[in-house]
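What follows is start_6.pdb (PDB, C-alpha atoms and all ligand atoms).
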ATOM      1  CA  MET A 234      99.711  38.286 146.519
ATOM      2  CA  THR A 235     102.782  38.521 148.699
ATOM      3  CA  VAL A 236     106.175  39.148 147.215
ATOM      4  CA  SER A 237     107.552  35.837 148.429
ATOM      5  CA  SER A 238     104.775  33.733 146.864
ATOM      6  CA  ALA A 239     105.522  35.341 143.511
ATOM      7  CA  LEU A 240     109.194  34.448 143.551
ATOM      8  CA  PRO A 241     110.392  31.665 141.302
ATOM      9  CA  ALA A 242     112.376  28.999 143.185
ATOM     10  CA  LEU A 243     116.062  28.892 142.291
ATOM     11  CA  HIS A 244     117.359  25.392 141.645
ATOM     12  CA  ALA A 245     120.935  25.819 142.721
ATOM     13  CA  ASP A 246     123.371  22.941 142.859
ATOM     14  CA  VAL A 247     124.438  22.433 146.481
ATOM     15  CA  GLN A 248     127.667  20.457 147.020
ATOM     16  CA  PRO A 249     129.503  20.005 150.333
ATOM     17  CA  GLY A 250     132.329  22.500 150.770
ATOM     18  CA  LYS A 251     131.096  24.745 147.964
ATOM     19  CA  PRO A 252     128.753  27.716 147.791
ATOM     20  CA  PRO A 253     125.400  27.013 146.081
ATOM     21  CA  LEU A 254     125.950  27.188 142.309
ATOM     22  CA  LEU A 255     123.348  28.278 139.782
ATOM     23  CA  ARG A 256     124.049  27.789 136.093
ATOM     24  CA  VAL A 257     122.079  30.219 133.958
ATOM     25  CA  GLU A 258     121.672  31.199 130.348
ATOM     26  CA  SER A 259     119.766  34.403 130.963
ATOM     27  CA  ALA A 260     118.970  36.922 133.663
ATOM     28  CA  VAL A 261     117.590  35.755 137.005
ATOM     29  CA  ASP A 262     114.913  37.531 139.032
ATOM     30  CA  PRO A 263     116.840  39.833 141.425
ATOM     31  CA  GLN A 264     114.258  39.385 144.197
ATOM     32  CA  ALA A 265     114.603  35.611 143.960
ATOM     33  CA  ILE A 266     118.387  35.963 144.314
ATOM     34  CA  ARG A 267     118.046  38.214 147.356
ATOM     35  CA  ALA A 268     115.601  35.805 148.990
ATOM     36  CA  PHE A 269     117.897  32.857 148.249
ATOM     37  CA  VAL A 270     121.026  34.419 149.751
ATOM     38  CA  ALA A 271     119.117  35.567 152.861
ATOM     39  CA  GLU A 272     118.342  31.889 153.443
ATOM     40  CA  HIS A 273     121.595  30.293 152.232
ATOM     41  CA  GLY A 274     124.192  33.046 152.627
ATOM     42  CA  SER A 275     125.572  33.095 149.100
ATOM     43  CA  LEU A 276     124.980  32.113 145.498
ATOM     44  CA  LEU A 277     127.518  31.684 142.722
ATOM     45  CA  ILE A 278     125.917  32.369 139.355
ATOM     46  CA  ARG A 279     127.744  30.968 136.341
ATOM     47  CA  GLY A 280     126.839  31.645 132.736
ATOM     48  CA  LEU A 281     126.270  35.406 132.666
ATOM     49  CA  GLY A 282     129.617  35.864 130.905
ATOM     50  CA  LEU A 283     130.557  39.128 132.622
ATOM     51  CA  ARG A 284     133.559  40.378 130.654
ATOM     52  CA  ASP A 285     134.396  43.729 132.193
ATOM     53  CA  ALA A 286     133.461  46.276 134.833
ATOM     54  CA  ALA A 287     130.670  47.669 132.647
ATOM     55  CA  ASP A 288     129.035  44.213 132.360
ATOM     56  CA  ALA A 289     129.373  43.766 136.104
ATOM     57  CA  GLU A 290     127.894  47.193 136.799
ATOM     58  CA  ARG A 291     124.832  46.481 134.655
ATOM     59  CA  VAL A 292     124.058  43.298 136.599
ATOM     60  CA  PHE A 293     124.956  44.818 139.976
ATOM     61  CA  ARG A 294     122.481  47.662 139.460
ATOM     62  CA  GLN A 295     119.673  45.165 138.872
ATOM     63  CA  LEU A 296     120.387  43.527 142.222
ATOM     64  CA  GLY A 297     120.340  46.501 144.531
ATOM     65  CA  HIS A 298     121.070  50.142 145.158
ATOM     66  CA  LEU A 299     124.866  50.468 145.076
ATOM     67  CA  MET A 300     126.516  52.223 147.998
ATOM     68  CA  THR A 301     129.491  54.551 148.136
ATOM     69  CA  GLU A 302     132.013  52.886 150.388
ATOM     70  CA  ARG A 303     133.076  54.786 153.494
ATOM     71  CA  GLU A 304     135.510  53.751 156.253
ATOM     72  CA  ALA A 305     137.331  51.287 153.996
ATOM     73  CA  PHE A 306     140.275  49.594 155.684
ATOM     74  CA  ALA A 307     142.136  49.192 152.375
ATOM     75  CA  PRO A 308     141.909  51.258 149.209
ATOM     76  CA  ARG A 309     140.024  50.203 146.080
ATOM     77  CA  GLU A 310     139.997  51.520 142.550
ATOM     78  CA  ARG A 311     136.686  53.006 141.478
ATOM     79  CA  TYR A 312     135.292  52.041 138.067
ATOM     80  CA  ALA A 313     131.996  53.921 138.370
ATOM     81  CA  GLN A 314     129.769  55.267 141.138
ATOM     82  CA  GLY A 315     129.523  52.355 143.617
ATOM     83  CA  VAL A 316     131.564  49.975 141.442
ATOM     84  CA  TYR A 317     135.021  49.103 142.726
ATOM     85  CA  SER A 318     138.004  46.835 142.355
ATOM     86  CA  ALA A 319     138.731  44.279 145.057
ATOM     87  CA  SER A 320     140.548  45.786 148.065
ATOM     88  CA  LYS A 321     144.274  46.259 147.594
ATOM     89  CA  TRP A 322     145.634  43.563 149.877
ATOM     90  CA  PRO A 323     148.926  41.706 149.433
ATOM     91  CA  PRO A 324     148.255  38.820 147.004
ATOM     92  CA  ASN A 325     150.397  36.420 149.019
ATOM     93  CA  GLN A 326     148.312  36.949 152.178
ATOM     94  CA  GLN A 327     144.806  35.633 152.621
ATOM     95  CA  MET A 328     142.116  37.950 153.918
ATOM     96  CA  CYS A 329     140.468  36.413 156.970
ATOM     97  CA  MET A 330     136.710  36.014 156.992
ATOM     98  CA  HIS A 331     134.811  39.231 157.561
ATOM     99  CA  HIS A 332     131.533  41.038 156.946
ATOM    100  CA  GLU A 333     131.982  44.184 154.903
ATOM    101  CA  LEU A 334     131.710  47.355 156.967
ATOM    102  CA  SER A 335     130.372  45.521 160.012
ATOM    103  CA  TYR A 336     131.820  48.415 162.006
ATOM    104  CA  ALA A 337     129.874  51.056 160.081
ATOM    105  CA  LEU A 338     126.367  52.256 160.896
ATOM    106  CA  GLY A 339     125.399  51.992 157.222
ATOM    107  CA  VAL A 340     126.026  48.316 156.558
ATOM    108  CA  PRO A 341     125.632  46.888 153.033
ATOM    109  CA  ASN A 342     123.082  44.081 152.908
ATOM    110  CA  LEU A 343     124.623  42.521 149.822
ATOM    111  CA  MET A 344     128.144  42.034 148.526
ATOM    112  CA  LEU A 345     128.406  41.589 144.784
ATOM    113  CA  PHE A 346     131.517  40.152 143.136
ATOM    114  CA  ALA A 347     132.098  39.646 139.421
ATOM    115  CA  CYS A 348     135.148  37.795 138.171
ATOM    116  CA  VAL A 349     136.612  39.342 135.035
ATOM    117  CA  VAL A 350     140.057  37.718 135.265
ATOM    118  CA  PRO A 351     140.533  34.660 137.510
ATOM    119  CA  SER A 352     144.011  34.278 138.989
ATOM    120  CA  ALA A 353     146.245  31.473 137.737
ATOM    121  CA  SER A 354     146.180  29.851 141.168
ATOM    122  CA  GLY A 355     144.292  30.563 144.411
ATOM    123  CA  GLY A 356     142.299  33.761 144.736
ATOM    124  CA  ALA A 357     138.886  32.291 145.524
ATOM    125  CA  THR A 358     136.389  34.355 147.502
ATOM    126  CA  PRO A 359     135.421  31.871 150.244
ATOM    127  CA  VAL A 360     132.241  32.324 152.268
ATOM    128  CA  ALA A 361     131.048  31.096 155.679
ATOM    129  CA  ASP A 362     127.542  30.882 157.144
ATOM    130  CA  ALA A 363     127.418  33.423 159.978
ATOM    131  CA  ALA A 364     124.471  31.708 161.713
ATOM    132  CA  ALA A 365     126.340  28.379 161.771
ATOM    133  CA  VAL A 366     129.518  30.120 162.957
ATOM    134  CA  LEU A 367     127.601  31.714 165.842
ATOM    135  CA  GLU A 368     126.231  28.341 166.919
ATOM    136  CA  ALA A 369     129.686  26.745 166.774
ATOM    137  CA  LEU A 370     131.578  29.381 168.772
ATOM    138  CA  PRO A 371     132.151  28.769 172.507
ATOM    139  CA  PRO A 372     129.002  30.060 174.282
ATOM    140  CA  GLU A 373     130.980  31.946 176.928
ATOM    141  CA  LEU A 374     132.889  33.831 174.233
ATOM    142  CA  VAL A 375     129.660  34.725 172.417
ATOM    143  CA  GLU A 376     128.062  35.798 175.690
ATOM    144  CA  ARG A 377     130.990  38.099 176.502
ATOM    145  CA  PHE A 378     130.909  39.740 173.087
ATOM    146  CA  GLU A 379     127.110  40.026 173.154
ATOM    147  CA  ARG A 380     127.301  41.730 176.532
ATOM    148  CA  LEU A 381     130.208  44.053 175.747
ATOM    149  CA  GLY A 382     130.171  44.439 171.983
ATOM    150  CA  TRP A 383     133.465  44.880 170.189
ATOM    151  CA  LEU A 384     135.677  47.853 169.658
ATOM    152  CA  LEU A 385     137.439  48.909 166.470
ATOM    153  CA  ILE A 386     140.403  51.228 166.988
ATOM    154  CA  ARG A 387     141.935  52.853 163.925
ATOM    155  CA  ASN A 388     144.898  55.146 163.388
ATOM    156  CA  TYR A 389     145.205  57.059 160.162
ATOM    157  CA  ASN A 390     148.584  58.406 159.139
ATOM    158  CA  ASP A 391     150.314  59.293 155.911
ATOM    159  CA  GLU A 392     152.512  56.222 155.814
ATOM    160  CA  ILE A 393     150.432  53.075 156.072
ATOM    161  CA  GLY A 394     146.906  51.786 155.578
ATOM    162  CA  ALA A 395     143.892  53.581 154.161
ATOM    163  CA  SER A 396     144.288  57.351 153.958
ATOM    164  CA  LEU A 397     141.724  59.757 155.382
ATOM    165  CA  ALA A 398     140.504  60.372 151.833
ATOM    166  CA  ASP A 399     140.199  56.593 151.212
ATOM    167  CA  ALA A 400     138.140  56.178 154.371
ATOM    168  CA  PHE A 401     136.063  59.348 154.497
ATOM    169  CA  GLY A 402     136.013  60.527 150.884
ATOM    170  CA  THR A 403     137.667  63.763 152.010
ATOM    171  CA  ASP A 404     140.619  64.926 154.075
ATOM    172  CA  ASP A 405     138.805  68.010 155.316
ATOM    173  CA  ARG A 406     138.935  67.913 159.121
ATOM    174  CA  ASN A 407     135.529  69.453 159.692
ATOM    175  CA  ALA A 408     133.858  67.050 157.279
ATOM    176  CA  ILE A 409     135.595  64.066 158.918
ATOM    177  CA  GLU A 410     134.567  65.218 162.387
ATOM    178  CA  SER A 411     130.965  65.669 161.228
ATOM    179  CA  TYR A 412     130.999  62.182 159.757
ATOM    180  CA  CYS A 413     132.376  60.708 162.996
ATOM    181  CA  ARG A 414     129.768  62.457 165.136
ATOM    182  CA  ALA A 415     126.965  61.332 162.841
ATOM    183  CA  ASN A 416     128.247  57.738 162.901
ATOM    184  CA  ALA A 417     128.934  57.208 166.601
ATOM    185  CA  ILE A 418     132.710  57.241 166.199
ATOM    186  CA  ASP A 419     134.925  58.743 168.923
ATOM    187  CA  PHE A 420     137.880  60.582 167.462
ATOM    188  CA  GLU A 421     140.999  62.440 168.487
ATOM    189  CA  TRP A 422     143.624  64.194 166.397
ATOM    190  CA  HIS A 423     147.279  63.525 167.068
ATOM    191  CA  GLU A 424     150.452  64.940 165.586
ATOM    192  CA  SER A 425     150.684  61.907 163.350
ATOM    193  CA  GLY A 426     147.035  61.869 162.293
ATOM    194  CA  LEU A 427     143.626  60.714 163.468
ATOM    195  CA  ARG A 428     142.645  58.008 165.966
ATOM    196  CA  THR A 429     139.093  56.678 166.019
ATOM    197  CA  ARG A 430     137.199  54.252 168.244
ATOM    198  CA  GLN A 431     133.801  52.746 167.585
ATOM    199  CA  ARG A 432     131.885  50.154 169.583
ATOM    200  CA  ARG A 433     129.508  47.867 167.756
ATOM    201  CA  ASN A 434     127.371  44.798 168.364
ATOM    202  CA  ALA A 435     129.063  41.483 167.617
ATOM    203  CA  VAL A 436     125.847  39.564 166.931
ATOM    204  CA  VAL A 437     122.927  40.783 164.836
ATOM    205  CA  ARG A 438     119.534  39.401 163.900
ATOM    206  CA  HIS A 439     118.934  39.042 160.164
ATOM    207  CA  PRO A 440     116.073  41.391 159.250
ATOM    208  CA  ARG A 441     114.589  38.987 156.724
ATOM    209  CA  THR A 442     114.943  35.576 158.377
ATOM    210  CA  GLY A 443     115.302  36.467 162.061
ATOM    211  CA  ARG A 444     118.402  34.239 162.287
ATOM    212  CA  ARG A 445     121.071  35.424 164.707
ATOM    213  CA  CYS A 446     124.414  35.912 162.972
ATOM    214  CA  TRP A 447     127.999  36.386 164.165
ATOM    215  CA  PHE A 448     128.531  39.738 162.476
ATOM    216  CA  ASN A 449     131.742  41.675 163.033
ATOM    217  CA  GLN A 450     135.396  42.035 162.068
ATOM    218  CA  ILE A 451     136.805  41.094 165.464
ATOM    219  CA  ALA A 452     139.278  38.587 164.031
ATOM    220  CA  PHE A 453     140.105  40.115 160.663
ATOM    221  CA  LEU A 454     140.950  43.583 161.949
ATOM    222  CA  SER A 455     142.861  42.246 164.965
ATOM    223  CA  GLU A 456     146.582  42.802 165.330
ATOM    224  CA  TRP A 457     146.860  38.999 165.322
ATOM    225  CA  THR A 458     145.732  38.785 161.709
ATOM    226  CA  MET A 459     149.072  40.211 160.596
ATOM    227  CA  ALA A 460     152.136  38.154 159.803
ATOM    228  CA  VAL A 461     154.341  37.896 162.914
ATOM    229  CA  GLU A 462     157.189  39.972 161.444
ATOM    230  CA  LEU A 463     154.817  42.687 160.231
ATOM    231  CA  ARG A 464     153.046  42.891 163.588
ATOM    232  CA  GLU A 465     156.356  43.185 165.433
ATOM    233  CA  TYR A 466     157.578  45.834 163.033
ATOM    234  CA  LEU A 467     154.370  47.880 163.353
ATOM    235  CA  LEU A 468     154.349  47.598 167.136
ATOM    236  CA  ASP A 469     157.923  48.793 167.155
ATOM    237  CA  VAL A 470     157.189  51.803 164.945
ATOM    238  CA  TYR A 471     153.667  52.778 166.002
ATOM    239  CA  ARG A 472     153.211  51.209 169.476
ATOM    240  CA  ALA A 473     150.193  49.140 170.512
ATOM    241  CA  ASP A 474     147.746  52.039 170.475
ATOM    242  CA  GLY A 475     148.989  53.346 167.137
ATOM    243  CA  LEU A 476     148.377  50.348 164.851
ATOM    244  CA  PRO A 477     146.444  51.129 161.658
ATOM    245  CA  PHE A 478     143.619  49.011 163.043
ATOM    246  CA  ASN A 479     143.005  46.723 165.966
ATOM    247  CA  THR A 480     140.039  45.256 167.808
ATOM    248  CA  ALA A 481     139.192  44.797 171.479
ATOM    249  CA  PHE A 482     136.335  43.686 173.662
ATOM    250  CA  GLY A 483     133.755  46.447 173.923
ATOM    251  CA  ASP A 484     135.063  47.490 177.349
ATOM    252  CA  GLY A 485     138.541  47.995 175.912
ATOM    253  CA  GLU A 486     140.029  44.732 177.185
ATOM    254  CA  PRO A 487     142.539  43.375 174.663
ATOM    255  CA  ILE A 488     141.734  40.323 172.589
ATOM    256  CA  GLY A 489     144.436  37.692 172.812
ATOM    257  CA  PRO A 490     145.727  35.416 170.063
ATOM    258  CA  ASP A 491     143.761  32.512 171.596
ATOM    259  CA  VAL A 492     140.434  34.253 170.892
ATOM    260  CA  PHE A 493     141.581  35.196 167.408
ATOM    261  CA  GLN A 494     142.511  31.561 166.763
ATOM    262  CA  VAL A 495     139.224  30.155 168.070
ATOM    263  CA  ILE A 496     137.203  32.469 165.833
ATOM    264  CA  ASN A 497     139.263  31.709 162.740
ATOM    265  CA  ASP A 498     139.195  27.948 163.408
ATOM    266  CA  VAL A 499     135.390  28.056 163.570
ATOM    267  CA  TYR A 500     135.304  30.126 160.394
ATOM    268  CA  GLU A 501     137.561  27.647 158.626
ATOM    269  CA  ALA A 502     135.344  24.722 159.655
ATOM    270  CA  HIS A 503     132.362  26.485 158.053
ATOM    271  CA  THR A 504     134.075  27.897 154.983
ATOM    272  CA  VAL A 505     132.999  26.902 151.493
ATOM    273  CA  ARG A 506     134.865  27.850 148.344
ATOM    274  CA  GLU A 507     134.748  27.471 144.594
ATOM    275  CA  PRO A 508     137.541  28.646 142.279
ATOM    276  CA  TRP A 509     136.538  31.618 140.157
ATOM    277  CA  GLN A 510     135.823  31.223 136.471
ATOM    278  CA  ALA A 511     135.812  34.227 134.157
ATOM    279  CA  GLY A 512     132.327  35.737 133.945
ATOM    280  CA  ASP A 513     131.111  34.430 137.333
ATOM    281  CA  LEU A 514     128.879  36.463 139.647
ATOM    282  CA  LEU A 515     128.964  35.810 143.397
ATOM    283  CA  VAL A 516     126.160  37.272 145.491
ATOM    284  CA  VAL A 517     126.726  37.256 149.259
ATOM    285  CA  ASP A 518     124.202  38.254 151.912
ATOM    286  CA  ASN A 519     126.555  40.373 154.013
ATOM    287  CA  LEU A 520     124.681  39.677 157.250
ATOM    288  CA  ARG A 521     124.169  35.957 156.768
ATOM    289  CA  ALA A 522     127.622  35.122 155.370
ATOM    290  CA  ALA A 523     131.195  36.216 155.938
ATOM    291  CA  HIS A 524     133.606  36.344 153.022
ATOM    292  CA  GLY A 525     137.362  36.393 152.622
ATOM    293  CA  ARG A 526     139.968  36.166 149.903
ATOM    294  CA  GLU A 527     142.515  33.453 149.377
ATOM    295  CA  ALA A 528     146.115  34.175 148.525
ATOM    296  CA  PHE A 529     146.816  34.072 144.806
ATOM    297  CA  GLU A 530     149.405  34.318 142.050
ATOM    298  CA  GLY A 531     149.153  36.084 138.741
ATOM    299  CA  PRO A 532     146.741  38.760 137.570
ATOM    300  CA  ARG A 533     143.280  38.720 139.176
ATOM    301  CA  GLU A 534     140.420  41.114 138.500
ATOM    302  CA  VAL A 535     137.263  40.926 140.567
ATOM    303  CA  VAL A 536     134.785  43.802 140.377
ATOM    304  CA  VAL A 537     132.961  44.556 143.626
ATOM    305  CA  ALA A 538     129.900  46.471 144.760
ATOM    306  CA  LEU A 539     128.250  46.997 148.131
ATOM    307  CA  ALA A 540     124.466  47.160 147.898
ATOM    308  CA  GLU A 541     121.664  48.174 150.243
TER
HETATM  309 FE    FE A 601     135.484  42.197 151.948
END

Transcribe the structure of this file into structure tokens.
Ligand SMILES: [Fe+2]
Amino acid sequence: MTVSSALPALHADVQPGKPPLLRVESAVDPQAIRAFVAEHGSLLIRGLGLRDAADAERVFRQLGHLMTEREAFAPRERYAQGVYSASKWPPNQQMCMHHELSYALGVPNLMLFACVVPSASGGATPVADAAAVLEALPPELVERFERLGWLLIRNYNDEIGASLADAFGTDDRNAIESYCRANAIDFEWHESGLRTRQRRNAVVRHPRTGRRCWFNQIAFLSEWTMAVELREYLLDVYRADGLPFNTAFGDGEPIGPDVFQVINDVYEAHTVREPWQAGDLLVVDNLRAAHGREAFEGPREVVVALAE
């Protein structure tokens, strides 16, 4: 008997503009969930009643092997090994669509989100189908990125963005250099800190379904994702090659605001969202679907794990 023939079908409710929603009263077969999200990108599971990080952790561990995050672009709190808070990102700014750690060699296959406290307004975790996004992007843009890849350039300093310890789990220079060499990251030390460059593929094939997916953080980690005033301030202080992070075509050519806008417009056209309710679990196939975070007001607690 093959694994797939043994899986129970999940009867999720599929509504336009929303992620598939499964209402449950008891546990669901983890393999069935993984198979579902590989095919549909995401699944919102309502009814598990997850009340705190410990509840979330118990369910997360049933769904996959939890990873220790490395190369984070924004710090998180850590509740337990592999169990984190949402990234610290200004509540009044949305996070553009992205695939977690698409610039790392060790990419999580699954993103797991559990809502403990929904915000009073906003704060949804929207998702977008990366295969549909790829098909909708201008072919010449896709061709250029497929040919060249994309480049992530990061600058670590003591003043802004993720610290070396946030990103590498250590601030020991030798350990950081070893990590960079092992992970195909070019690095150079400057007076103000560390600069890294890594070139990655912009399109990947899903290992389970074979679907080609737009898989990168070209738009989200671009200088153009920042508010105009913030970008101008940072350029003034750190110069163009000193921004905390920025992206480029794989040959180093800069990416203009027009490209950034095209990518985000296509994302927006393919984005689905459902407001969080306390106790919800959102499972996202990190290759098949991008995710983001809407701006919000009030307290919000979403527990997160990255799983293999
Ligand atoms: Fe994320």

Answer key for the PyMOL selection byres (((chain A and resi 245) around 6) and not hetatm), residues as a PDB file with C-alpha atoms, in the frame of the given file:
ATOM      1  CA  LEU A 243     116.062  28.892 142.291  1.00  0.00           C
ATOM      2  CA  HIS A 244     117.359  25.392 141.645  1.00  0.00           C
ATOM      3  CA  ASP A 246     123.371  22.941 142.859  1.00  0.00           C
ATOM      4  CA  PRO A 253     125.400  27.013 146.081  1.00  0.00           C
ATOM      5  CA  LEU A 254     125.950  27.188 142.309  1.00  0.00           C
ATOM      6  CA  LEU A 255     123.348  28.278 139.782  1.00  0.00           C
TER       7      LEU A 255
END

Can you tell me which residues sit at most 7 Å away from ligand FE 601 (chain A), counting all atoms listed in the file, written as a PDB file with C-alpha atoms, in the coordinates of the input?
ATOM      1  CA  HIS A 331     134.811  39.231 157.561  1.00  0.00           C
ATOM      2  CA  HIS A 332     131.533  41.038 156.946  1.00  0.00           C
ATOM      3  CA  GLU A 333     131.982  44.184 154.903  1.00  0.00           C
ATOM      4  CA  HIS A 524     133.606  36.344 153.022  1.00  0.00           C
ATOM      5  CA  GLY A 525     137.362  36.393 152.622  1.00  0.00           C
TER       6      GLY A 525
END

Run the PyMOL selection byres (((chain A and resi 411-426) around 10) and not hetatm) mentally over the shown coordinates, then write out the matched residues as a ChimeraX atom specification, using the chain letters and numbers from the document.
/A:303,336-339,385-392,396-397,401,406-410,427-433,471,475

Ground truth for the PyMOL selection byres (((chain A and resi 313) around 9) and not hetatm), written as a PDB file with C-alpha atoms, in the frame of the given file:
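And here's result.pdb as it stands now:
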ATOM      1  CA  ALA A 286     133.461  46.276 134.833  1.00  0.00           C
ATOM      2  CA  ALA A 287     130.670  47.669 132.647  1.00  0.00           C
ATOM      3  CA  GLU A 290     127.894  47.193 136.799  1.00  0.00           C
ATOM      4  CA  ARG A 311     136.686  53.006 141.478  1.00  0.00           C
ATOM      5  CA  TYR A 312     135.292  52.041 138.067  1.00  0.00           C
ATOM      6  CA  GLN A 314     129.769  55.267 141.138  1.00  0.00           C
ATOM      7  CA  GLY A 315     129.523  52.355 143.617  1.00  0.00           C
ATOM      8  CA  VAL A 316     131.564  49.975 141.442  1.00  0.00           C
ATOM      9  CA  TYR A 317     135.021  49.103 142.726  1.00  0.00           C
TER      10      TYR A 317
END

Would you work out the distance separating atom CA of A:Ile393 from atom CA of A:Asn519, expressed in Å to one decimal?
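Going from atom CA of A:Ile393 over to atom CA of A:Asn519 covers 27.1 Å.
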
Would you give the centre and edge lengths, in Å to one decimal, of a box along x, y and z around the listed atoms of stretch 394-412 of chain A, with 3 Å added to each side, as AutoDock Vina command-line options?
--center_x 138.9 --center_y 60.6 --center_z 156.6 --size_x 21.9 --size_y 23.7 --size_z 17.5

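Counting from atom CA of A:Thr358, the distance to atom CA of A:Met328 is 9.3 Å.
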
Which residues of stretch 417-507 of chain A come within 12 Å of stretch 347-357 of chain A, and for each one, what is the closest pair of atoms and their distance in Å to one decimal, counting all atoms listed in the file, sorted by chain and residue number, as a tab-separated table?
residue	atom	partner	partner_atom	distance
A:Thr504	CA	A:Ala357	CA	11.5
A:Val505	CA	A:Ala357	CA	10.0
A:Arg506	CA	A:Ala357	CA	6.6
A:Glu507	CA	A:Ala357	CA	6.4

In Å to one decimal, how far is atom CA of A:Gln248 from atom CA of A:Ala369?
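Separation between atom CA of A:Ala369 and atom CA of A:Gln248: 20.8 Å.
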
For A:Asp362, which of A:Arg377, A:Arg526, A:Arg445, A:His298 is the closest residue, counting all atoms listed in the file?
A:Arg445

With a distance cut-off of 10 Å and all atoms listed in the file, select the neighbouring residues of A:Arg279, excluding the residue or stretch itself and same-chain residues fewer than 6 positions from it, and output the selection as a list in words.
Leu254, Leu255, Arg256, Val257, Glu258, Trp509, Gln510, Ala511, Gly512, Asp513, Leu514 and Leu515 of chain A

Counting only C-alpha atoms, which residue out of A:Arg444, A:Arg267, A:His439, A:Arg380 sits closest to A:Gln295?
A:Arg267

Among listed residues A:Arg533, A:Pro263, A:Phe448, A:Gln494, nearest A:Trp383 (using all atoms listed in the file)
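Residue with the minimum atom-to-atom distance to A:Trp383: A:Phe448.
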
Counting only C-alpha atoms, figure out which residue out of A:Val292, A:Ala538, A:Val375, A:Ala242 gets nearest to A:Ala265.
A:Ala242

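Every residue within 6 Å of the file position (124.5, 44.1, 156.6), judged by all atoms listed in the file, is given as Val340, Pro341, Asn342, Asn519 and Leu520 of chain A.
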
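Nearest to A:Leu467 of all the residues A:Pro532, A:Gly394, A:Pro323, A:Pro359 is A:Gly394, based on only C-alpha atoms.
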
Using only C-alpha atoms, which protein or nucleic acid residues come within 8 Å of A:Ala361? Drop anything in the same chain fewer than 5 positions from it, and give the result as a PDB file with C-alpha atoms, in the coordinates of the input.
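Result file is out_30.pdb:
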ATOM      1  CA  GLY A 274     124.192  33.046 152.627  1.00  0.00           C
ATOM      2  CA  MET A 330     136.710  36.014 156.992  1.00  0.00           C
ATOM      3  CA  VAL A 366     129.518  30.120 162.957  1.00  0.00           C
ATOM      4  CA  TYR A 500     135.304  30.126 160.394  1.00  0.00           C
ATOM      5  CA  GLU A 501     137.561  27.647 158.626  1.00  0.00           C
ATOM      6  CA  HIS A 503     132.362  26.485 158.053  1.00  0.00           C
ATOM      7  CA  THR A 504     134.075  27.897 154.983  1.00  0.00           C
ATOM      8  CA  VAL A 505     132.999  26.902 151.493  1.00  0.00           C
ATOM      9  CA  ALA A 522     127.622  35.122 155.370  1.00  0.00           C
ATOM     10  CA  ALA A 523     131.195  36.216 155.938  1.00  0.00           C
ATOM     11  CA  HIS A 524     133.606  36.344 153.022  1.00  0.00           C
TER      12      HIS A 524
END

Min atom-atom distance to A:Ile266 from the set A:Cys329, A:Leu468, A:Ile278, A:Val437, counting all atoms listed in the file, belongs to A:Ile278

Could you list, as a list of chain:residue names, every residue within 9 Å of A:Trp322, counting all atoms listed in the file and ignoring same-chain residues fewer than 4 positions away?
A:Ala307, A:Pro308, A:Gln326, A:Gln327, A:Met328
